[in-house]
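To be precise, the following lines are structure-v2.cif, and they hold mmCIF, C-alpha atoms and all ligand atoms.
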data_protein
loop_
_atom_site.group_PDB
_atom_site.id
_atom_site.type_symbol
_atom_site.label_atom_id
_atom_site.label_comp_id
_atom_site.auth_asym_id
_atom_site.auth_seq_id
_atom_site.Cartn_x
_atom_site.Cartn_y
_atom_site.Cartn_z
ATOM 1 C CA MET A 30 67.282 -29.094 -17.015
ATOM 2 C CA LYS A 31 65.341 -27.359 -19.781
ATOM 3 C CA VAL A 32 63.823 -30.605 -21.066
ATOM 4 C CA LYS A 33 62.755 -31.548 -17.523
ATOM 5 C CA ALA A 34 61.147 -28.177 -17.016
ATOM 6 C CA VAL A 35 59.222 -28.496 -20.321
ATOM 7 C CA ILE A 36 57.994 -31.975 -19.338
ATOM 8 C CA VAL A 37 56.871 -30.712 -15.907
ATOM 9 C CA TRP A 38 55.037 -27.838 -17.526
ATOM 10 C CA CYS A 39 53.372 -30.097 -20.072
ATOM 11 C CA LEU A 40 52.265 -32.470 -17.310
ATOM 12 C CA ALA A 41 50.913 -29.585 -15.306
ATOM 13 C CA ILE A 42 48.924 -28.276 -18.308
ATOM 14 C CA ILE A 43 47.579 -31.766 -19.112
ATOM 15 C CA LEU A 44 46.533 -32.182 -15.465
ATOM 16 C CA LEU A 45 44.754 -28.844 -15.525
ATOM 17 C CA ILE A 46 42.885 -29.737 -18.748
ATOM 18 C CA VAL A 47 41.879 -33.187 -17.498
ATOM 19 C CA GLY A 48 40.871 -31.738 -14.129
ATOM 20 C CA GLY A 49 38.825 -29.039 -15.870
ATOM 21 C CA ILE A 50 36.998 -31.601 -18.054
ATOM 22 C CA PHE A 51 36.352 -33.779 -14.996
ATOM 23 C CA LEU A 52 34.885 -30.866 -13.015
ATOM 24 C CA LYS A 53 32.711 -29.707 -15.925
ATOM 25 C CA VAL A 54 31.298 -33.197 -16.470
ATOM 26 C CA ASN A 55 30.528 -33.486 -12.765
ATOM 27 C CA TYR A 56 28.900 -30.083 -12.701
ATOM 28 C CA GLN A 57 26.655 -30.983 -15.642
ATOM 29 C CA GLU A 58 25.740 -34.266 -14.027
ATOM 30 C CA LEU A 59 24.880 -32.475 -10.809
ATOM 31 C CA LYS A 60 22.726 -30.051 -12.749
ATOM 32 C CA GLU A 61 20.881 -32.899 -14.456
ATOM 33 C CA ILE A 62 20.291 -34.629 -11.140
ATOM 34 C CA GLN A 63 18.931 -31.379 -9.679
ATOM 35 C CA THR A 64 16.566 -30.966 -12.662
ATOM 36 C CA ASP A 65 15.339 -34.538 -12.168
ATOM 37 C CA ILE A 66 14.711 -33.897 -8.467
ATOM 38 C CA ASN A 67 12.739 -30.761 -9.340
ATOM 39 C CA LYS A 68 10.649 -32.683 -11.875
ATOM 40 C CA ILE A 69 9.849 -35.373 -9.316
ATOM 41 C CA GLU A 70 8.925 -32.759 -6.719
ATOM 42 C CA ASN A 71 6.589 -31.000 -9.172
ATOM 43 C CA ARG A 72 4.933 -34.268 -10.105
ATOM 44 C CA MET A 73 4.394 -35.080 -6.420
ATOM 45 C CA ALA A 74 2.890 -31.623 -5.779
ATOM 46 C CA ASP A 75 0.526 -32.053 -8.766
ATOM 47 C CA ALA A 76 -0.553 -35.470 -7.542
ATOM 48 C CA GLU A 77 -1.205 -34.008 -4.070
ATOM 49 C CA LYS A 78 -3.312 -31.192 -5.568
ATOM 50 C CA GLU A 79 -5.310 -33.614 -7.690
ATOM 51 C CA LYS A 80 -5.999 -35.741 -4.646
ATOM 52 C CA ARG A 81 -7.231 -32.697 -2.727
ATOM 53 C CA TRP A 82 -9.571 -31.712 -5.573
ATOM 54 C CA GLU A 83 -10.910 -35.240 -5.756
ATOM 55 C CA ASN A 84 -11.611 -35.196 -2.030
ATOM 56 C CA ALA A 85 -13.315 -31.783 -2.278
ATOM 57 C CA ASP A 86 -15.401 -33.021 -5.219
ATOM 58 C CA SER A 87 -16.539 -36.122 -3.434
ATOM 59 C CA ALA A 88 -17.331 -34.062 -0.321
ATOM 60 C CA ALA A 89 -19.417 -31.733 -2.498
ATOM 61 C CA VAL A 90 -21.169 -34.710 -4.041
ATOM 62 C CA ASP A 91 -21.827 -36.070 -0.543
ATOM 63 C CA ASN A 92 -23.322 -32.746 0.477
ATOM 64 C CA ASN A 93 -25.529 -32.654 -2.588
ATOM 65 C CA GLU A 94 -26.674 -36.190 -1.910
ATOM 66 C CA ALA A 95 -27.427 -35.308 1.698
ATOM 67 C CA GLU A 96 -29.364 -32.231 0.538
ATOM 68 C CA ASN A 97 -31.243 -34.282 -2.019
ATOM 69 C CA MET A 98 -32.101 -36.883 0.575
ATOM 70 C CA LYS A 99 -33.370 -34.131 2.867
ATOM 71 C CA GLU A 100 -35.380 -32.719 -0.016
ATOM 72 C CA ASN A 101 -36.803 -36.144 -0.808
ATOM 73 C CA ASN A 102 -37.782 -36.713 2.788
ATOM 74 C CA VAL A 103 -39.544 -33.356 2.996
ATOM 75 C CA GLN A 104 -41.201 -33.266 -0.389
ATOM 76 C CA GLY A 105 -40.950 -36.862 -1.539
ATOM 77 C CA SER A 106 -40.107 -35.502 -4.986
ATOM 78 C CA GLY A 107 -37.319 -36.302 -7.481
ATOM 79 C CA SER A 108 -33.637 -35.612 -7.004
ATOM 80 C CA GLN A 109 -33.399 -31.947 -8.027
ATOM 81 C CA GLU A 110 -29.979 -30.429 -7.466
ATOM 82 C CA GLN A 111 -29.847 -27.989 -4.557
ATOM 83 C CA ILE A 112 -28.239 -24.642 -5.271
ATOM 84 C CA PRO A 113 -27.082 -23.167 -1.949
ATOM 85 C CA VAL A 114 -28.476 -19.682 -1.332
ATOM 86 C CA LYS A 115 -25.752 -17.198 -0.469
ATOM 87 C CA GLU A 116 -26.343 -15.485 2.842
ATOM 88 C CA LYS A 117 -26.933 -11.806 2.062
ATOM 89 C CA LYS A 118 -24.828 -9.233 3.804
ATOM 90 C CA ILE A 119 -26.263 -5.822 4.714
ATOM 91 C CA ALA A 120 -24.087 -2.820 5.532
ATOM 92 C CA LEU A 121 -25.922 -0.434 7.875
ATOM 93 C CA ASP A 122 -24.707 3.106 8.251
ATOM 94 C CA PRO A 123 -26.169 5.100 11.155
ATOM 95 C CA GLY A 124 -25.696 8.662 9.875
ATOM 96 C CA HIS A 125 -23.462 11.283 11.549
ATOM 97 C CA GLN A 126 -21.723 11.062 14.963
ATOM 98 C CA SER A 127 -21.388 13.071 18.160
ATOM 99 C CA GLU A 128 -20.497 16.775 17.944
ATOM 100 C CA ASN A 129 -17.493 15.910 20.165
ATOM 101 C CA VAL A 130 -15.842 14.297 17.144
ATOM 102 C CA ASP A 131 -14.191 16.773 14.787
ATOM 103 C CA MET A 132 -15.095 15.764 11.224
ATOM 104 C CA SER A 133 -14.529 19.173 9.639
ATOM 105 C CA GLU A 134 -11.634 18.000 7.446
ATOM 106 C CA MET A 135 -12.503 17.777 3.764
ATOM 107 C CA GLU A 136 -12.717 14.840 1.365
ATOM 108 C CA PRO A 137 -13.659 14.567 -2.343
ATOM 109 C CA MET A 138 -17.410 14.286 -3.032
ATOM 110 C CA GLY A 139 -16.807 11.339 -5.361
ATOM 111 C CA PRO A 140 -13.938 9.376 -6.930
ATOM 112 C CA GLY A 141 -11.827 11.832 -8.965
ATOM 113 C CA SER A 142 -13.971 14.828 -7.957
ATOM 114 C CA SER A 143 -12.346 18.205 -7.264
ATOM 115 C CA GLU A 144 -15.392 19.220 -5.218
ATOM 116 C CA MET A 145 -14.635 18.802 -1.515
ATOM 117 C CA LYS A 146 -17.103 18.271 1.344
ATOM 118 C CA ALA A 147 -16.658 17.909 5.106
ATOM 119 C CA LYS A 148 -15.890 14.319 6.163
ATOM 120 C CA ALA A 149 -19.213 14.197 8.033
ATOM 121 C CA SER A 150 -21.642 16.508 9.819
ATOM 122 C CA THR A 151 -23.418 16.196 13.161
ATOM 123 C CA GLY A 152 -26.949 16.147 11.705
ATOM 124 C CA THR A 153 -30.111 17.666 13.071
ATOM 125 C CA VAL A 154 -31.917 17.787 16.463
ATOM 126 C CA GLY A 155 -35.518 16.933 17.333
ATOM 127 C CA ASN A 156 -37.347 20.243 17.830
ATOM 128 C CA THR A 157 -39.817 18.659 20.282
ATOM 129 C CA THR A 158 -37.840 15.799 21.832
ATOM 130 C CA GLY A 159 -34.421 17.497 21.774
ATOM 131 C CA LYS A 160 -33.030 14.167 20.622
ATOM 132 C CA ARG A 161 -29.875 14.239 18.478
ATOM 133 C CA GLU A 162 -30.197 12.757 15.009
ATOM 134 C CA TYR A 163 -26.981 10.706 15.391
ATOM 135 C CA GLU A 164 -28.478 9.109 18.543
ATOM 136 C CA LEU A 165 -31.757 8.259 16.833
ATOM 137 C CA ASN A 166 -29.936 6.889 13.765
ATOM 138 C CA LEU A 167 -27.768 4.574 15.890
ATOM 139 C CA GLU A 168 -30.736 3.488 18.039
ATOM 140 C CA ILE A 169 -32.726 2.424 14.982
ATOM 141 C CA ALA A 170 -29.710 0.880 13.222
ATOM 142 C CA LEU A 171 -28.882 -1.317 16.238
ATOM 143 C CA LYS A 172 -32.510 -2.517 16.482
ATOM 144 C CA LEU A 173 -32.552 -3.077 12.711
ATOM 145 C CA ARG A 174 -29.349 -5.131 12.921
ATOM 146 C CA GLU A 175 -30.978 -7.423 15.462
ATOM 147 C CA GLU A 176 -34.114 -7.807 13.342
ATOM 148 C CA LEU A 177 -32.138 -8.516 10.169
ATOM 149 C CA GLN A 178 -29.965 -11.072 11.962
ATOM 150 C CA THR A 179 -33.064 -12.931 13.165
ATOM 151 C CA ARG A 180 -34.225 -12.967 9.556
ATOM 152 C CA GLY A 181 -30.944 -14.701 8.564
ATOM 153 C CA TYR A 182 -28.961 -11.785 7.175
ATOM 154 C CA GLU A 183 -25.362 -11.006 7.968
ATOM 155 C CA VAL A 184 -25.056 -7.385 9.100
ATOM 156 C CA ILE A 185 -22.058 -5.083 9.318
ATOM 157 C CA MET A 186 -22.164 -1.626 10.903
ATOM 158 C CA THR A 187 -20.151 1.449 9.943
ATOM 159 C CA ARG A 188 -20.317 2.556 13.584
ATOM 160 C CA GLU A 189 -21.617 1.133 16.861
ATOM 161 C CA ASP A 190 -21.133 4.138 19.090
ATOM 162 C CA ASN A 191 -21.544 7.896 18.774
ATOM 163 C CA ASP A 192 -17.908 8.878 19.238
ATOM 164 C CA ILE A 193 -16.305 7.134 16.301
ATOM 165 C CA ALA A 194 -14.580 9.235 13.628
ATOM 166 C CA ILE A 195 -15.480 7.661 10.285
ATOM 167 C CA SER A 196 -16.057 9.853 7.226
ATOM 168 C CA ASN A 197 -18.844 9.401 4.684
ATOM 169 C CA LYS A 198 -16.314 8.217 2.080
ATOM 170 C CA GLU A 199 -14.824 5.727 4.563
ATOM 171 C CA ARG A 200 -18.298 4.397 5.391
ATOM 172 C CA ALA A 201 -18.955 3.613 1.716
ATOM 173 C CA GLU A 202 -15.499 2.053 1.354
ATOM 174 C CA LEU A 203 -16.011 -0.101 4.448
ATOM 175 C CA ALA A 204 -19.287 -1.478 3.065
ATOM 176 C CA ALA A 205 -17.508 -2.519 -0.145
ATOM 177 C CA GLN A 206 -14.449 -3.922 1.675
ATOM 178 C CA GLU A 207 -16.735 -6.106 3.769
ATOM 179 C CA CYS A 208 -18.322 -7.418 0.560
ATOM 180 C CA ALA A 209 -21.806 -6.297 1.586
ATOM 181 C CA ASP A 210 -24.591 -6.743 -0.975
ATOM 182 C CA ILE A 211 -26.366 -3.475 -0.193
ATOM 183 C CA PHE A 212 -25.546 -0.269 1.686
ATOM 184 C CA VAL A 213 -28.421 1.156 3.758
ATOM 185 C CA ARG A 214 -27.824 4.541 5.338
ATOM 186 C CA ILE A 215 -30.068 5.579 8.232
ATOM 187 C CA HIS A 216 -30.926 9.281 8.646
ATOM 188 C CA ALA A 217 -33.657 11.656 9.799
ATOM 189 C CA ASN A 218 -34.635 14.855 8.037
ATOM 190 C CA SER A 219 -35.082 18.493 8.927
ATOM 191 C CA SER A 220 -36.827 21.462 7.340
ATOM 192 C CA GLU A 221 -37.175 25.149 8.175
ATOM 193 C CA ASP A 222 -40.910 24.604 7.736
ATOM 194 C CA SER A 223 -42.054 22.636 10.788
ATOM 195 C CA GLU A 224 -45.214 21.587 8.903
ATOM 196 C CA VAL A 225 -43.190 19.462 6.472
ATOM 197 C CA GLN A 226 -43.310 15.793 7.397
ATOM 198 C CA GLY A 227 -42.910 12.277 5.984
ATOM 199 C CA ALA A 228 -40.228 9.829 4.923
ATOM 200 C CA MET A 229 -38.240 9.345 1.733
ATOM 201 C CA THR A 230 -35.332 7.367 0.358
ATOM 202 C CA MET A 231 -32.464 8.985 -1.545
ATOM 203 C CA VAL A 232 -30.625 7.241 -4.385
ATOM 204 C CA PRO A 233 -28.174 8.245 -7.151
ATOM 205 C CA SER A 234 -29.656 9.220 -10.530
ATOM 206 C CA GLU A 235 -28.663 7.602 -13.832
ATOM 207 C CA GLU A 236 -26.727 10.781 -14.666
ATOM 208 C CA ASN A 237 -24.560 10.465 -11.530
ATOM 209 C CA PRO A 238 -20.966 10.607 -12.869
ATOM 210 C CA TYR A 239 -19.640 8.247 -10.163
ATOM 211 C CA VAL A 240 -22.346 5.682 -9.509
ATOM 212 C CA GLY A 241 -24.854 6.182 -12.336
ATOM 213 C CA ALA A 242 -24.510 2.465 -13.083
ATOM 214 C CA LEU A 243 -25.872 1.694 -9.593
ATOM 215 C CA SER A 244 -28.941 3.917 -10.095
ATOM 216 C CA ALA A 245 -31.421 1.278 -11.241
ATOM 217 C CA GLU A 246 -30.660 -1.227 -8.455
ATOM 218 C CA SER A 247 -30.426 1.541 -5.853
ATOM 219 C CA SER A 248 -33.819 2.887 -6.966
ATOM 220 C CA ARG A 249 -35.352 -0.551 -6.654
ATOM 221 C CA LEU A 250 -33.848 -0.876 -3.158
ATOM 222 C CA GLY A 251 -35.045 2.617 -2.202
ATOM 223 C CA ARG A 252 -38.550 1.860 -3.535
ATOM 224 C CA CYS A 253 -38.820 -1.444 -1.608
ATOM 225 C CA ILE A 254 -37.679 0.177 1.637
ATOM 226 C CA ILE A 255 -39.744 3.368 1.519
ATOM 227 C CA ASP A 256 -42.977 1.598 0.572
ATOM 228 C CA SER A 257 -42.627 -1.070 3.289
ATOM 229 C CA TYR A 258 -41.521 1.520 5.853
ATOM 230 C CA CYS A 259 -44.481 3.828 5.239
ATOM 231 C CA GLU A 260 -46.893 0.908 5.146
ATOM 232 C CA ALA A 261 -45.620 -0.357 8.525
ATOM 233 C CA THR A 262 -45.474 3.043 10.257
ATOM 234 C CA GLY A 263 -48.208 5.065 8.573
ATOM 235 C CA MET A 264 -45.597 7.751 7.864
ATOM 236 C CA LEU A 265 -46.350 10.020 4.873
ATOM 237 C CA ASN A 266 -44.597 8.521 1.813
ATOM 238 C CA LYS A 267 -42.491 11.101 -0.039
ATOM 239 C CA GLY A 268 -41.105 8.406 -2.347
ATOM 240 C CA VAL A 269 -37.686 7.811 -3.870
ATOM 241 C CA GLN A 270 -35.698 10.968 -4.597
ATOM 242 C CA TYR A 271 -32.522 11.419 -6.637
ATOM 243 C CA TYR A 272 -29.423 13.035 -5.159
ATOM 244 C CA ASP A 273 -25.984 13.179 -6.787
ATOM 245 C CA ASN A 274 -24.154 15.318 -4.217
ATOM 246 C CA MET A 275 -23.887 12.815 -1.344
ATOM 247 C CA THR A 276 -20.318 11.660 -0.645
ATOM 248 C CA GLY A 277 -21.451 8.425 1.043
ATOM 249 C CA ILE A 278 -23.560 7.545 -2.017
ATOM 250 C CA ASN A 279 -20.997 8.634 -4.628
ATOM 251 C CA TRP A 280 -18.241 6.438 -3.172
ATOM 252 C CA SER A 281 -20.455 3.360 -2.971
ATOM 253 C CA GLN A 282 -19.636 0.266 -5.003
ATOM 254 C CA ILE A 283 -22.883 -1.557 -4.235
ATOM 255 C CA PRO A 284 -26.593 -0.574 -4.458
ATOM 256 C CA VAL A 285 -27.080 2.218 -1.944
ATOM 257 C CA THR A 286 -29.907 4.221 -0.408
ATOM 258 C CA ILE A 287 -30.402 6.710 2.403
ATOM 259 C CA ILE A 288 -33.649 6.397 4.306
ATOM 260 C CA GLU A 289 -34.745 9.712 5.763
ATOM 261 C CA MET A 290 -37.076 8.220 8.368
ATOM 262 C CA GLY A 291 -39.058 11.388 9.106
ATOM 263 C CA PHE A 292 -38.670 15.090 9.898
ATOM 264 C CA MET A 293 -37.224 15.883 13.334
ATOM 265 C CA SER A 294 -38.334 19.462 12.701
ATOM 266 C CA ASN A 295 -41.961 18.264 12.694
ATOM 267 C CA GLU A 296 -43.584 17.640 16.067
ATOM 268 C CA GLU A 297 -45.553 14.552 15.052
ATOM 269 C CA ASP A 298 -42.676 12.829 13.203
ATOM 270 C CA ASP A 299 -40.181 13.747 15.921
ATOM 271 C CA THR A 300 -42.359 12.406 18.766
ATOM 272 C CA ASN A 301 -43.253 9.259 16.833
ATOM 273 C CA MET A 302 -39.642 8.401 15.956
ATOM 274 C CA ALA A 303 -38.553 8.693 19.613
ATOM 275 C CA ASP A 304 -41.328 6.312 20.750
ATOM 276 C CA ALA A 305 -40.190 2.728 21.494
ATOM 277 C CA ASP A 306 -43.354 1.080 20.104
ATOM 278 C CA TYR A 307 -43.284 3.194 16.972
ATOM 279 C CA GLN A 308 -39.609 2.266 16.539
ATOM 280 C CA ILE A 309 -40.600 -1.409 16.355
ATOM 281 C CA SER A 310 -42.775 -0.676 13.329
ATOM 282 C CA MET A 311 -40.004 1.467 11.786
ATOM 283 C CA VAL A 312 -37.536 -1.413 12.077
ATOM 284 C CA GLN A 313 -40.065 -3.987 10.816
ATOM 285 C CA GLY A 314 -40.859 -1.777 7.831
ATOM 286 C CA ILE A 315 -37.222 -1.336 6.770
ATOM 287 C CA ALA A 316 -36.494 -5.061 7.244
ATOM 288 C CA ASP A 317 -39.621 -5.957 5.188
ATOM 289 C CA GLY A 318 -38.341 -3.697 2.412
ATOM 290 C CA ILE A 319 -34.944 -5.435 2.438
ATOM 291 C CA ASP A 320 -36.697 -8.831 2.355
ATOM 292 C CA GLU A 321 -38.701 -7.669 -0.622
ATOM 293 C CA TYR A 322 -35.595 -6.388 -2.409
ATOM 294 C CA PHE A 323 -33.968 -9.816 -2.105
ATOM 295 C CA GLY A 324 -37.170 -11.606 -3.010
ATOM 296 C CA ASN A 325 -37.525 -13.116 0.472
ATOM 297 C CA VAL A 326 -41.219 -12.395 0.762
ATOM 298 C CA SER A 327 -43.207 -14.690 3.018
ATOM 299 C CA GLU A 328 -46.693 -15.548 1.780
HETATM 300 ZN ZN ZN A 401 -28.726 13.015 8.564
#

Kindly present the structure from the file in structure tokens form.
Ligand SMILES: [Zn+2]
Amino acid sequence: MKVKAVIVWCLAIILLIVGGIFLKVNYQELKEIQTDINKIENRMADAEKEKRWENADSAAVDNNEAENMKENNVQGSGSQEQIPVKEKKIALDPGHQSENVDMSEMEPMGPGSSEMKAKASTGTVGNTTGKREYELNLEIALKLREELQTRGYEVIMTREDNDIAISNKERAELAAQECADIFVRIHANSSEDSEVQGAMTMVPSEENPYVGALSAESSRLGRCIIDSYCEATGMLNKGVQYYDNMTGINWSQIPVTIIEMGFMSNEEDDTNMADADYQISMVQGIADGIDEYFGNVSE
């Protein structure tokens, strides 16, 4: 009995060992097969990618050839490579909004600033026309959008009606999110002295702790716009002025300017800016300035 039991036990142990070795070998083999499959899959994916790139390259070459052929037909000159001009995108910000929208909550004046300012204000009112600044700003911005679109620009608006609640910080952030090239903010001015009149652009100074690096390009933008605007309208040119306390400027990530189109507290400016014909020259002037900034000046 004892001998039998020992033999049975030995057999059982041998079976277990052999079985274990068999399973291990199989498991390793399976693993190797899996690795091989993965390698093949990767190689196929790479080949697919390469093929796609080749197709894209040849399509690009085709396009260049087509462009060159066009060029040759027009100018009859050599085969210069065409560099496609990126369509410029303008963010327009019609200042303020209706007094029905509560924007009294506070927001930081610039990134990391402890100084808080109201999210937005309602702006001024024409002392002769009684027109609200937020209405005038939107009116001009909508006409300007149309003009810029006809000139081939892409335009995005921070607001398209008077009842939207968007803060000055959010306006600047929207312009950057939309990958606009420049941020043009449309406003009208006011003074306690009703004799004061004229237009100006506002830009950040080089000392601005948030957007000092944008000062030079913003100044150039502000200069182009104010000069063209005053030339087109005959408005008194008060030049480019530096302001570092404007939330919508301080949060900008792209060249930015505010155009103060005229004084609503001055009878002449106020009446002019509300006039439909005068508005055409206002819009033309701003658009000419933007053209000049981008070097799109027609001879
Ligand atoms: Zn304003």

Go through chain A residue by residue and, counting all atoms listed in the file, keep those with an atom at most 6 Å from ligand ZN 401 (chain A); for each kept residue give the shortest atom pair and its distance in Å to one decimal, ordered by chain and increasing number, as a tab-separated table.
residue	atom	partner	partner_atom	distance
A:Gly124	CA	A:ZN401	ZN	5.5
A:Gly152	CA	A:ZN401	ZN	4.8
A:His216	CA	A:ZN401	ZN	4.3
A:Ala217	CA	A:ZN401	ZN	5.3

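Each of A:His125, A:Lys117, A:Lys33, A:Arg214 was checked against Asp192 in chain A using only C-alpha atoms; the smallest atom-to-atom distance is that of A:His125.
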
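Shortest separation to Gly139 in chain A among A:Ala228, A:Ile315, A:Leu265, A:Ile278 occurs at residue A:Ile278, atoms counted being all atoms listed in the file.
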
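The space between CA of Glu134 in chain A and CA of Ala147 in chain A spans 5.5 Å.
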
Exercise. Starting from the displayed file, determine the output of the PyMOL selection byres (((chain A and resi 166-178) around 10) and not hetatm) and express the residue list as a ChimeraX atom specification.
Key: /A:118-126,152,161-165,179-186,188-191,213-217,289-290,302-303,305,308-309,311-317,319-320

Exercise. Measuring atom to atom with only C-alpha atoms, identify which of A:Met264, A:Leu44, A:Cys208, A:Ile195 is nearest to Asn301 in chain A.
Key: A:Met264

Exercise. Find the residue from A:Met293, A:Ala194, A:Met138, A:Ile287 that sits nearest to Gly251 in chain A; use all atoms listed in the file when measuring.
Key: A:Ile287

Self-check item: Spatial neighbours of Met231 in chain A, max dist 9 Å, all atoms listed in the file, sep filter under 6 positions, as an MDAnalysis selection string
Solution: chainID A and resid 247:248 251 268:272 285:289

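The closest residue to Gly159 in chain A, picked from A:Asp306, A:Asn295, A:Ser244, A:Gly263 and counting all atoms listed in the file, is A:Asn295.
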
Self-check item: Given the PyMOL selection byres (((chain A and resi 198) around 12) and not hetatm), the residues it picks as number ranges by chain
Solution: A: 122, 132, 135-140, 145-149, 187, 194-197, 199-205, 275-282

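Distances to Leu250 in chain A were evaluated for A:Tyr322, A:Gly227, A:Asp299, A:Ser220 using only C-alpha atoms, and the minimum falls at A:Tyr322.
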
Quiz item: Distance CA of Asp298 in chain A-CA of Thr230 in chain A, one decimal place?
Solution: 15.8 Å

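When CA of Val232 in chain A is paired with CA of Asp304 in chain A, their separation reads 27.3 Å.
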
Enclose the full set of atoms of range 296-306 of chain A listed in the file within a box whose edges lie along x, y and z, apply 6 Å of padding to each of the six sides, and report centre and edge lengths in Å to one decimal as lines of an AutoDock Vina configuration file.
center_x = -42.1
center_y = 9.4
center_z = 17.3
size_x = 19.0
size_y = 28.6
size_z = 20.3
